[in-house]
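Below is the file my_file.cif, which contains mmCIF, C-alpha atoms.
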```cif
data_work
loop_
_atom_site.group_PDB
_atom_site.id
_atom_site.type_symbol
_atom_site.label_atom_id
_atom_site.label_comp_id
_atom_site.auth_asym_id
_atom_site.auth_seq_id
_atom_site.Cartn_x
_atom_site.Cartn_y
_atom_site.Cartn_z
ATOM 1 C CA MET U 1 -19.025 21.637 3.351
ATOM 2 C CA LEU U 2 -19.237 21.137 -0.346
ATOM 3 C CA LYS U 3 -16.895 19.411 -2.677
ATOM 4 C CA LYS U 4 -15.068 22.126 -4.525
ATOM 5 C CA SER U 5 -13.757 21.579 -7.977
ATOM 6 C CA GLN U 6 -9.982 21.634 -8.065
ATOM 7 C CA TRP U 7 -9.527 21.975 -11.804
ATOM 8 C CA LYS U 8 -7.645 25.267 -11.496
ATOM 9 C CA LEU U 9 -5.141 23.710 -9.118
ATOM 10 C CA ASN U 10 -4.874 20.658 -11.354
ATOM 11 C CA LEU U 11 -4.204 22.785 -14.413
ATOM 12 C CA GLY U 12 -1.652 24.925 -12.595
ATOM 13 C CA PHE U 13 0.169 21.913 -11.224
ATOM 14 C CA SER U 14 0.164 20.203 -14.617
ATOM 15 C CA PHE U 15 1.850 23.249 -16.142
ATOM 16 C CA PHE U 16 4.351 23.311 -13.295
ATOM 17 C CA ILE U 17 5.216 19.642 -13.864
ATOM 18 C CA LEU U 18 5.450 20.186 -17.617
ATOM 19 C CA PHE U 19 7.909 23.053 -17.227
ATOM 20 C CA LEU U 20 9.872 21.127 -14.615
ATOM 21 C CA ILE U 21 10.215 18.226 -17.049
ATOM 22 C CA LEU U 22 11.273 20.593 -19.843
ATOM 23 C CA LEU U 23 13.864 22.072 -17.498
ATOM 24 C CA LEU U 24 15.093 18.642 -16.421
ATOM 25 C CA ILE U 25 15.549 17.509 -20.042
ATOM 26 C CA GLN U 26 18.090 20.330 -20.455
ATOM 27 C CA VAL U 27 20.004 19.038 -17.445
ATOM 28 C CA SER U 28 19.906 15.279 -17.854
ATOM 29 C CA LEU U 29 17.782 12.798 -19.726
ATOM 30 C CA GLN U 30 18.271 10.127 -17.075
ATOM 31 C CA LEU U 31 16.985 12.434 -14.361
ATOM 32 C CA THR U 32 13.937 13.260 -16.477
ATOM 33 C CA LEU U 33 13.126 9.579 -16.958
ATOM 34 C CA VAL U 34 13.493 8.846 -13.242
ATOM 35 C CA PHE U 35 11.261 11.813 -12.445
ATOM 36 C CA ALA U 36 8.611 10.796 -14.982
ATOM 37 C CA VAL U 37 8.542 7.199 -13.752
ATOM 38 C CA SER U 38 8.258 8.232 -10.099
ATOM 39 C CA LEU U 39 5.491 10.646 -11.011
ATOM 40 C CA ALA U 40 3.606 7.830 -12.733
ATOM 41 C CA ILE U 41 4.124 5.474 -9.784
ATOM 42 C CA GLY U 42 2.928 8.101 -7.317
ATOM 43 C CA PHE U 43 -0.166 8.824 -9.391
ATOM 44 C CA THR U 44 -1.009 5.133 -9.656
ATOM 45 C CA LEU U 45 -0.457 4.570 -5.934
ATOM 46 C CA GLN U 46 -2.754 7.413 -4.962
ATOM 47 C CA LYS U 47 -5.514 6.631 -7.434
ATOM 48 C CA SER U 48 -5.557 2.904 -6.753
ATOM 49 C CA ARG U 49 -5.405 3.324 -2.955
ATOM 50 C CA PHE U 50 -2.667 0.745 -3.033
ATOM 51 C CA CYS U 51 -1.243 0.045 0.395
ATOM 52 C CA PHE U 52 1.480 -2.484 1.166
ATOM 53 C CA THR U 53 0.741 -2.211 4.883
ATOM 54 C CA SER U 54 -2.866 -3.156 4.337
ATOM 55 C CA ALA U 55 -1.800 -6.059 2.120
ATOM 56 C CA PHE U 56 0.161 -7.675 4.927
ATOM 57 C CA ARG U 57 -1.916 -6.557 7.909
ATOM 58 C CA ASP U 58 -5.546 -6.932 6.857
ATOM 59 C CA PRO U 59 -5.531 -10.694 6.173
ATOM 60 C CA LEU U 60 -4.555 -11.328 9.782
ATOM 61 C CA LEU U 61 -6.521 -8.525 11.392
ATOM 62 C CA VAL U 62 -9.825 -8.420 9.533
ATOM 63 C CA GLY U 63 -9.612 -11.224 6.974
ATOM 64 C CA VAL U 64 -9.639 -9.029 3.872
ATOM 65 C CA THR U 65 -7.126 -10.214 1.266
ATOM 66 C CA ASN U 66 -7.943 -8.035 -1.754
ATOM 67 C CA LEU U 67 -4.776 -5.981 -1.461
ATOM 68 C CA THR U 68 -2.683 -9.064 -0.753
ATOM 69 C CA GLN U 69 -3.889 -10.412 -4.071
ATOM 70 C CA ALA U 70 -2.981 -7.074 -5.648
ATOM 71 C CA VAL U 71 0.581 -7.363 -4.317
ATOM 72 C CA ILE U 72 0.812 -10.908 -5.683
ATOM 73 C CA LEU U 73 -0.430 -9.651 -9.060
ATOM 74 C CA LEU U 74 2.189 -6.898 -8.902
ATOM 75 C CA LEU U 75 4.899 -9.534 -8.439
ATOM 76 C CA VAL U 76 3.417 -11.747 -11.174
ATOM 77 C CA ILE U 77 3.781 -8.822 -13.573
ATOM 78 C CA SER U 78 7.144 -7.571 -12.358
ATOM 79 C CA VAL U 79 8.986 -10.910 -12.140
ATOM 80 C CA PRO U 80 8.806 -11.639 -15.913
ATOM 81 C CA GLY U 81 9.293 -7.914 -16.591
ATOM 82 C CA PHE U 82 12.467 -7.986 -14.558
ATOM 83 C CA ALA U 83 13.679 -11.077 -16.403
ATOM 84 C CA ILE U 84 12.959 -9.443 -19.768
ATOM 85 C CA ALA U 85 14.840 -6.302 -18.719
ATOM 86 C CA ALA U 86 17.790 -8.386 -17.579
ATOM 87 C CA ALA U 87 17.754 -10.413 -20.819
ATOM 88 C CA ILE U 88 17.719 -7.269 -22.961
ATOM 89 C CA ALA U 89 20.538 -5.755 -20.904
ATOM 90 C CA ASP U 90 22.485 -8.984 -21.364
ATOM 91 C CA MET U 91 22.019 -8.940 -25.128
ATOM 92 C CA ALA U 92 22.979 -5.287 -25.422
ATOM 93 C CA ASN U 93 25.970 -5.819 -23.120
ATOM 94 C CA TYR U 94 24.642 -3.161 -20.810
ATOM 95 C CA PRO U 95 25.887 -3.544 -17.243
ATOM 96 C CA LEU U 96 22.955 -3.991 -14.886
ATOM 97 C CA SER U 97 23.361 -3.408 -11.168
ATOM 98 C CA LEU U 98 20.788 -5.679 -9.538
ATOM 99 C CA TYR U 99 21.537 -4.944 -5.874
ATOM 100 C CA VAL U 100 21.188 -8.593 -4.966
ATOM 101 C CA SER U 101 22.335 -8.851 -1.377
ATOM 102 C CA PRO U 102 22.485 -11.913 0.845
ATOM 103 C CA PHE U 103 20.222 -12.090 3.844
ATOM 104 C CA GLY U 104 21.095 -12.731 7.464
ATOM 105 C CA VAL U 105 19.807 -12.254 10.988
ATOM 106 C CA HIS U 106 19.751 -8.505 10.415
ATOM 107 C CA THR U 107 17.237 -8.946 7.575
ATOM 108 C CA VAL U 108 14.819 -10.652 9.965
ATOM 109 C CA ILE U 109 15.345 -8.030 12.703
ATOM 110 C CA GLY U 110 14.934 -5.221 10.187
ATOM 111 C CA GLY U 111 11.802 -6.817 8.791
ATOM 112 C CA ILE U 112 10.203 -7.114 12.214
ATOM 113 C CA LEU U 113 11.119 -3.519 13.105
ATOM 114 C CA PHE U 114 9.804 -2.237 9.787
ATOM 115 C CA GLY U 115 6.625 -4.280 10.167
ATOM 116 C CA ILE U 116 5.877 -2.893 13.624
ATOM 117 C CA GLY U 117 6.690 0.613 12.444
ATOM 118 C CA MET U 118 4.515 0.487 9.366
ATOM 119 C CA VAL U 119 1.468 -0.809 11.209
ATOM 120 C CA LEU U 120 1.855 1.889 13.894
ATOM 121 C CA ALA U 121 2.429 4.627 11.333
ATOM 122 C CA GLY U 122 -0.403 3.400 9.127
ATOM 123 C CA GLY U 123 1.732 3.161 6.023
ATOM 124 C CA CYS U 124 4.965 1.889 4.549
ATOM 125 C CA SER U 125 7.412 4.285 2.912
ATOM 126 C CA SER U 126 5.475 4.720 -0.323
ATOM 127 C CA GLY U 127 2.168 4.890 1.554
ATOM 128 C CA VAL U 128 3.469 7.553 3.934
ATOM 129 C CA LEU U 129 4.807 9.656 1.049
ATOM 130 C CA MET U 130 1.586 9.271 -0.888
ATOM 131 C CA ARG U 131 -0.582 10.331 2.048
ATOM 132 C CA ILE U 132 1.618 13.346 2.805
ATOM 133 C CA GLY U 133 0.854 14.385 -0.744
ATOM 134 C CA GLU U 134 -2.831 13.857 -0.054
ATOM 135 C CA GLY U 135 -2.547 16.154 2.945
ATOM 136 C CA PHE U 136 -2.907 13.728 5.815
ATOM 137 C CA ALA U 137 -0.897 15.590 8.428
ATOM 138 C CA MET U 138 -0.317 12.683 10.796
ATOM 139 C CA GLN U 139 1.940 11.051 8.219
ATOM 140 C CA MET U 140 4.446 13.910 8.483
ATOM 141 C CA ILE U 141 5.355 12.588 11.919
ATOM 142 C CA ALA U 142 5.667 9.109 10.457
ATOM 143 C CA PHE U 143 7.911 10.562 7.750
ATOM 144 C CA VAL U 144 10.320 11.974 10.371
ATOM 145 C CA GLY U 145 10.465 8.509 11.931
ATOM 146 C CA LEU U 146 11.030 7.006 8.499
ATOM 147 C CA LEU U 147 13.984 9.337 7.870
ATOM 148 C CA ILE U 148 15.547 8.585 11.261
ATOM 149 C CA GLY U 149 15.116 4.845 10.682
ATOM 150 C CA ALA U 150 16.519 4.983 7.165
ATOM 151 C CA PHE U 151 19.642 6.877 8.229
ATOM 152 C CA LEU U 152 20.193 4.660 11.271
ATOM 153 C CA GLY U 153 19.827 1.608 9.073
ATOM 154 C CA LYS U 154 22.190 2.904 6.429
ATOM 155 C CA TYR U 155 24.957 3.796 8.868
ATOM 156 C CA SER U 156 24.623 0.748 11.110
ATOM 157 C CA LEU U 157 24.521 -1.792 8.267
ATOM 158 C CA PRO U 158 28.277 -2.628 8.484
ATOM 159 C CA PHE U 159 27.826 -3.310 12.210
ATOM 160 C CA TRP U 160 25.020 -5.800 11.572
ATOM 161 C CA GLN U 161 26.901 -7.468 8.753
ATOM 162 C CA THR U 162 30.060 -7.978 10.775
ATOM 163 C CA SER U 163 28.458 -9.017 14.060
ATOM 164 C CA PHE U 164 25.968 -11.548 12.670
ATOM 165 C CA GLY U 165 27.541 -12.603 9.420
ATOM 166 C CA GLU U 166 25.604 -13.378 6.279
ATOM 167 C CA VAL U 167 24.283 -16.434 4.589
ATOM 168 C CA PRO U 168 26.072 -16.700 1.242
ATOM 169 C CA GLY U 169 23.782 -15.106 -1.305
ATOM 170 C CA ILE U 170 21.860 -17.302 -3.679
ATOM 171 C CA PHE U 171 20.710 -15.558 -6.821
ATOM 172 C CA LEU U 172 18.337 -18.023 -8.432
ATOM 173 C CA PRO U 173 18.888 -17.025 -12.109
ATOM 174 C CA ASP U 174 22.647 -17.558 -11.682
ATOM 175 C CA LYS U 175 22.089 -21.096 -10.409
ATOM 176 C CA ILE U 176 19.328 -22.429 -12.639
ATOM 177 C CA GLY U 177 18.989 -19.863 -15.415
ATOM 178 C CA TRP U 178 16.429 -17.121 -15.957
ATOM 179 C CA LEU U 179 13.579 -19.167 -17.426
ATOM 180 C CA PRO U 180 13.351 -21.833 -14.679
ATOM 181 C CA ALA U 181 13.819 -19.116 -12.038
ATOM 182 C CA VAL U 182 10.852 -17.146 -13.390
ATOM 183 C CA ALA U 183 8.774 -20.338 -13.640
ATOM 184 C CA VAL U 184 9.538 -21.309 -10.035
ATOM 185 C CA GLN U 185 8.641 -17.844 -8.767
ATOM 186 C CA LEU U 186 5.396 -17.727 -10.738
ATOM 187 C CA PHE U 187 4.454 -21.129 -9.344
ATOM 188 C CA ILE U 188 5.116 -19.978 -5.763
ATOM 189 C CA LEU U 189 3.022 -16.858 -6.412
ATOM 190 C CA LEU U 190 0.169 -18.988 -7.751
ATOM 191 C CA VAL U 191 0.263 -21.076 -4.570
ATOM 192 C CA LEU U 192 0.250 -17.903 -2.457
ATOM 193 C CA TRP U 193 -2.709 -16.571 -4.431
ATOM 194 C CA LYS U 194 -4.632 -19.790 -3.763
ATOM 195 C CA VAL U 195 -3.773 -19.466 -0.081
ATOM 196 C CA THR U 196 -5.162 -15.918 0.072
ATOM 197 C CA ARG U 197 -8.374 -17.041 -1.620
ATOM 198 C CA TRP U 198 -8.737 -19.898 0.850
ATOM 199 C CA TRP U 199 -7.963 -17.608 3.791
ATOM 200 C CA GLN U 200 -10.598 -15.056 2.743
ATOM 201 C CA LYS U 201 -13.202 -17.788 2.396
ATOM 202 C CA LYS U 202 -12.323 -19.214 5.786
ATOM 203 C CA GLN U 203 -12.502 -15.798 7.477
ATOM 204 C CA ASN U 204 -15.702 -14.503 5.943
ATOM 205 C CA GLY U 205 -17.525 -17.524 4.640
ATOM 206 C CA VAL U 206 -17.737 -15.913 1.192
ATOM 207 C CA GLY U 207 -15.422 -16.104 -1.810
ATOM 208 C CA MET I 1 -34.034 1.439 13.186
ATOM 209 C CA ALA I 2 -31.564 3.607 15.003
ATOM 210 C CA THR I 3 -28.715 5.690 13.657
ATOM 211 C CA PHE I 4 -25.336 5.612 15.320
ATOM 212 C CA GLN I 5 -22.186 7.597 14.762
ATOM 213 C CA ILE I 6 -18.659 6.978 16.004
ATOM 214 C CA ASP I 7 -15.759 9.380 16.020
ATOM 215 C CA ILE I 8 -12.968 8.241 13.726
ATOM 216 C CA TRP I 9 -11.576 11.625 12.673
ATOM 217 C CA GLY I 10 -7.834 11.596 12.145
ATOM 218 C CA GLU I 11 -7.559 7.902 12.897
ATOM 219 C CA MET I 12 -5.544 5.729 10.583
ATOM 220 C CA CYS I 13 -6.291 2.208 9.497
ATOM 221 C CA PRO I 14 -6.816 -0.198 11.075
ATOM 222 C CA ILE I 15 -8.259 1.646 14.114
ATOM 223 C CA PRO I 16 -11.451 2.863 12.357
ATOM 224 C CA LEU I 17 -12.246 -0.633 11.138
ATOM 225 C CA ILE I 18 -11.768 -2.129 14.609
ATOM 226 C CA LYS I 19 -13.975 0.575 16.142
ATOM 227 C CA THR I 20 -16.587 -0.110 13.465
ATOM 228 C CA GLU I 21 -16.486 -3.831 14.204
ATOM 229 C CA ARG I 22 -17.012 -3.196 17.925
ATOM 230 C CA GLN I 23 -19.844 -0.735 17.356
ATOM 231 C CA LEU I 24 -21.595 -3.111 14.949
ATOM 232 C CA LYS I 25 -21.677 -5.816 17.604
ATOM 233 C CA LYS I 26 -23.756 -3.535 19.816
ATOM 234 C CA MET I 27 -26.232 -2.713 17.047
ATOM 235 C CA SER I 28 -29.150 -4.735 15.757
ATOM 236 C CA CYS I 29 -29.995 -5.579 12.155
ATOM 237 C CA GLY I 30 -31.265 -2.648 10.106
ATOM 238 C CA ASP I 31 -29.476 -0.061 12.225
ATOM 239 C CA VAL I 32 -27.406 2.520 10.407
ATOM 240 C CA LEU I 33 -23.869 3.520 11.335
ATOM 241 C CA VAL I 34 -22.560 6.815 10.001
ATOM 242 C CA LEU I 35 -18.819 7.221 9.682
ATOM 243 C CA GLU I 36 -16.851 10.241 8.565
ATOM 244 C CA THR I 37 -13.167 9.956 7.840
ATOM 245 C CA ASP I 38 -10.363 12.044 6.381
ATOM 246 C CA HIS I 39 -8.195 9.033 5.616
ATOM 247 C CA SER I 40 -8.628 7.814 2.058
ATOM 248 C CA CYS I 41 -7.563 4.227 2.636
ATOM 249 C CA THR I 42 -9.783 3.872 5.676
ATOM 250 C CA SER I 43 -12.932 4.457 3.692
ATOM 251 C CA ARG I 44 -11.759 2.027 1.024
ATOM 252 C CA GLY I 45 -10.918 -0.637 3.608
ATOM 253 C CA ILE I 46 -14.242 -0.314 5.420
ATOM 254 C CA VAL I 47 -16.207 -0.520 2.165
ATOM 255 C CA LEU I 48 -14.400 -3.719 1.157
ATOM 256 C CA TRP I 49 -14.819 -5.227 4.597
ATOM 257 C CA ALA I 50 -18.512 -4.345 4.849
ATOM 258 C CA ARG I 51 -19.339 -5.785 1.429
ATOM 259 C CA GLN I 52 -17.576 -9.025 2.266
ATOM 260 C CA HIS I 53 -19.551 -9.293 5.474
ATOM 261 C CA GLY I 54 -22.811 -8.717 3.648
ATOM 262 C CA HIS I 55 -23.588 -5.262 5.027
ATOM 263 C CA GLU I 56 -24.980 -2.467 2.926
ATOM 264 C CA ILE I 57 -22.670 0.498 2.521
ATOM 265 C CA ASN I 58 -22.727 3.847 0.761
ATOM 266 C CA GLU I 59 -19.545 5.811 0.215
ATOM 267 C CA LYS I 60 -19.549 9.471 -0.694
ATOM 268 C CA GLU I 61 -16.791 12.059 -0.843
ATOM 269 C CA VAL I 62 -18.660 14.962 0.773
ATOM 270 C CA ALA I 63 -15.782 17.442 0.632
ATOM 271 C CA ASN I 64 -12.283 17.313 -0.757
ATOM 272 C CA GLY I 65 -10.569 14.570 1.197
ATOM 273 C CA ILE I 66 -13.528 13.790 3.480
ATOM 274 C CA TRP I 67 -15.525 10.616 3.051
ATOM 275 C CA ARG I 68 -18.905 9.852 4.576
ATOM 276 C CA LEU I 69 -19.907 6.223 4.919
ATOM 277 C CA GLU I 70 -23.371 4.957 5.721
ATOM 278 C CA LEU I 71 -23.335 1.371 6.821
ATOM 279 C CA THR I 72 -26.561 -0.572 7.274
ATOM 280 C CA LYS I 73 -26.176 -3.665 9.365
ATOM 281 C CA ARG I 74 -27.652 -6.669 7.584
ATOM 282 C CA ASN I 75 -26.573 -9.671 9.627
ATOM 283 C CA ASN I 76 -24.911 -10.635 12.853
#
```

Mind turning this structure into structure tokens?
Amino acid sequence: MLKKSQWKLNLGFSFFILFLILLLIQVSLQLTLVFAVSLAIGFTLQKSRFCFTSAFRDPLLVGVTNLTQAVILLLVISVPGFAIAAAIADMANYPLSLYVSPFGVHTVIGGILFGIGMVLAGGCSSGVLMRIGEGFAMQMIAFVGLLIGAFLGKYSLPFWQTSFGEVPGIFLPDKIGWLPAVAVQLFILLVLWKVTRWWQKKQNGVG
Amino acid sequence: MATFQIDIWGEMCPIPLIKTERQLKKMSCGDVLVLETDHSCTSRGIVLWARQHGHEINEKEVANGIWRLELTKRNN
């Protein structure tokens, strides 16, 4: 078994994507942007071997926290980015739908279910999609489960909300302003990062 | 100096890493463990883990989507 060069496939696929983007621009600019961004995210995910499952599972199971630190870094970058986007939208009077929803018992139940599922399936939603693209056939089965779960969740959400009730939502920026909210979050992330460093040292005896 | 191999084909993380851990316990220092996997993240995870535990490891993509790892046990 030798490693075959895939440059022909790469070239062909690049042309396909290029023409698809050109076609999409004719239809809608918004759709094109969404497509381009998701393409970039997918590429980055695959190349960086980024795995949310591993980030939450490995510290407890094998004491490796590299990916946990990567997730923290991701949040450190995206929290100010999010604030900047919101500030610009505010200045330009552009309505921004933030999908801030309150949490309740159903959030905890859903989190536990999702956690069990993602460890069994060996990937969260983005990980499963990325590995299907890589050609790992087992993840197709996980994808079917993901679809079933997503639809069940979507259609049973009103049931959960009415039977357990919700804690009134607290959106930090509304209470204390954007700048303090970002500062508080960055501080919490710094603490978490220190914790992961300490945990890795404790587990392996090396930093 | 013995060479061992365990079957981790088609397994997803974290199973390969747990199997590796178990196999390493049975081996003595200097022994080599050969692992072949078709799961990209598995190879990455094992390399990180092995380096942190002070073992020597070589990673090579021998065919498209197939990684061969050679782990030399360096400590208990």

Item to check | Residues returned when the PyMOL selection byres ((chain I) within 10 of (chain U)) runs on this file, as a list in words | outcome: Gly10, Glu11, Met12, Cys13, Pro14, Ile15, Leu17, Ile18, Glu21, Asp38, His39, Ser40, Cys41, Thr42, Arg44, Gly45, Ile46, Leu48, Trp49, Gln52, His53, Gly54, Glu61, Val62, Ala63, Asn64, Gly65 and Ile66 of chain I

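By only C-alpha atoms, and with residues fewer than 5 positions from range 187-191 of chain U along its chain excluded, the set lying at most 10 Å from it is Gln69, Ile72, Leu73, Leu75, Val76, Ala181, Val182, Thr196 and Arg197 of chain U.
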
Atoms kept (C-alpha atoms) for selection, written as an mmCIF file, in the frame of the given file:
```
data_model
loop_
_atom_site.group_PDB
_atom_site.id
_atom_site.type_symbol
_atom_site.label_atom_id
_atom_site.label_comp_id
_atom_site.auth_asym_id
_atom_site.auth_seq_id
_atom_site.Cartn_x
_atom_site.Cartn_y
_atom_site.Cartn_z
ATOM 1 C CA GLN U 69 -3.889 -10.412 -4.071
ATOM 2 C CA ILE U 72 0.812 -10.908 -5.683
ATOM 3 C CA LEU U 73 -0.430 -9.651 -9.060
ATOM 4 C CA LEU U 75 4.899 -9.534 -8.439
ATOM 5 C CA VAL U 76 3.417 -11.747 -11.174
ATOM 6 C CA ALA U 181 13.819 -19.116 -12.038
ATOM 7 C CA VAL U 182 10.852 -17.146 -13.390
ATOM 8 C CA THR U 196 -5.162 -15.918 0.072
ATOM 9 C CA ARG U 197 -8.374 -17.041 -1.620
#
```

Checklist entry - Any idea what's packed within 9 Å of Leu33 in chain I, counting only C-alpha atoms, ignoring anything in its chain fewer than 2 positions away? Could you give it as number ranges by chain? => result I: 2-6, 20, 23-24, 27, 31, 35, 69-73

Item to check | Using all atoms listed in the file: which of I:Arg74, I:Lys60, I:Arg51, I:Lys25 has the shortest distance to Thr37 in chain I | outcome: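 Smallest separation from Thr37 in chain I among the options: I:Lys60.
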
Item to check | Residues within 12 Å of range 31-38 of chain U, all atoms listed in the file, excluding chain neighbours under 4 positions, as a ChimeraX atom specification | outcome: /U:17-27,42-45,126,129-130

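Atom pair CA of Thr107 in chain U / CA of Ile84 in chain U: separated by 27.7 Å.
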
Specify as a compact mmCIF listing (two decimals) with C-alpha atoms, in the frame of the given file each residue included when the PyMOL selection byres ((chain U and resi 167) around 10) is applied to this file.
```
# COMPACT_ATOMS: atom_id res chain seq x y z
CA SER U 101 22.34 -8.85 -1.38
CA PRO U 102 22.48 -11.91 0.84
CA PHE U 103 20.22 -12.09 3.84
CA GLY U 104 21.10 -12.73 7.46
CA VAL U 105 19.81 -12.25 10.99
CA PHE U 164 25.97 -11.55 12.67
CA GLY U 165 27.54 -12.60 9.42
CA GLU U 166 25.60 -13.38 6.28
CA PRO U 168 26.07 -16.70 1.24
CA GLY U 169 23.78 -15.11 -1.30
CA ILE U 170 21.86 -17.30 -3.68
```

Checklist entry - CA of Val108 in chain U and CA of Pro173 in chain U, how far apart in Å? => result 23.3 Å

Item to check | Selection result for the PyMOL selection byres ((chain U and resi 178) around 12) on this file, as a list in words | outcome: Val79, Pro80, Gly81, Phe82, Ala83, Ile84, Ala85, Ala86, Ala87, Asp90, Phe171, Leu172, Pro173, Asp174, Lys175, Ile176, Gly177, Leu179, Pro180, Ala181, Val182, Ala183, Val184 and Gln185 of chain U

Checklist entry - In Å to one decimal, how far is CA of Gly145 in chain U from CA of Gly117 in chain U? => result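 Here the two named atoms are 8.8 Å from each other.
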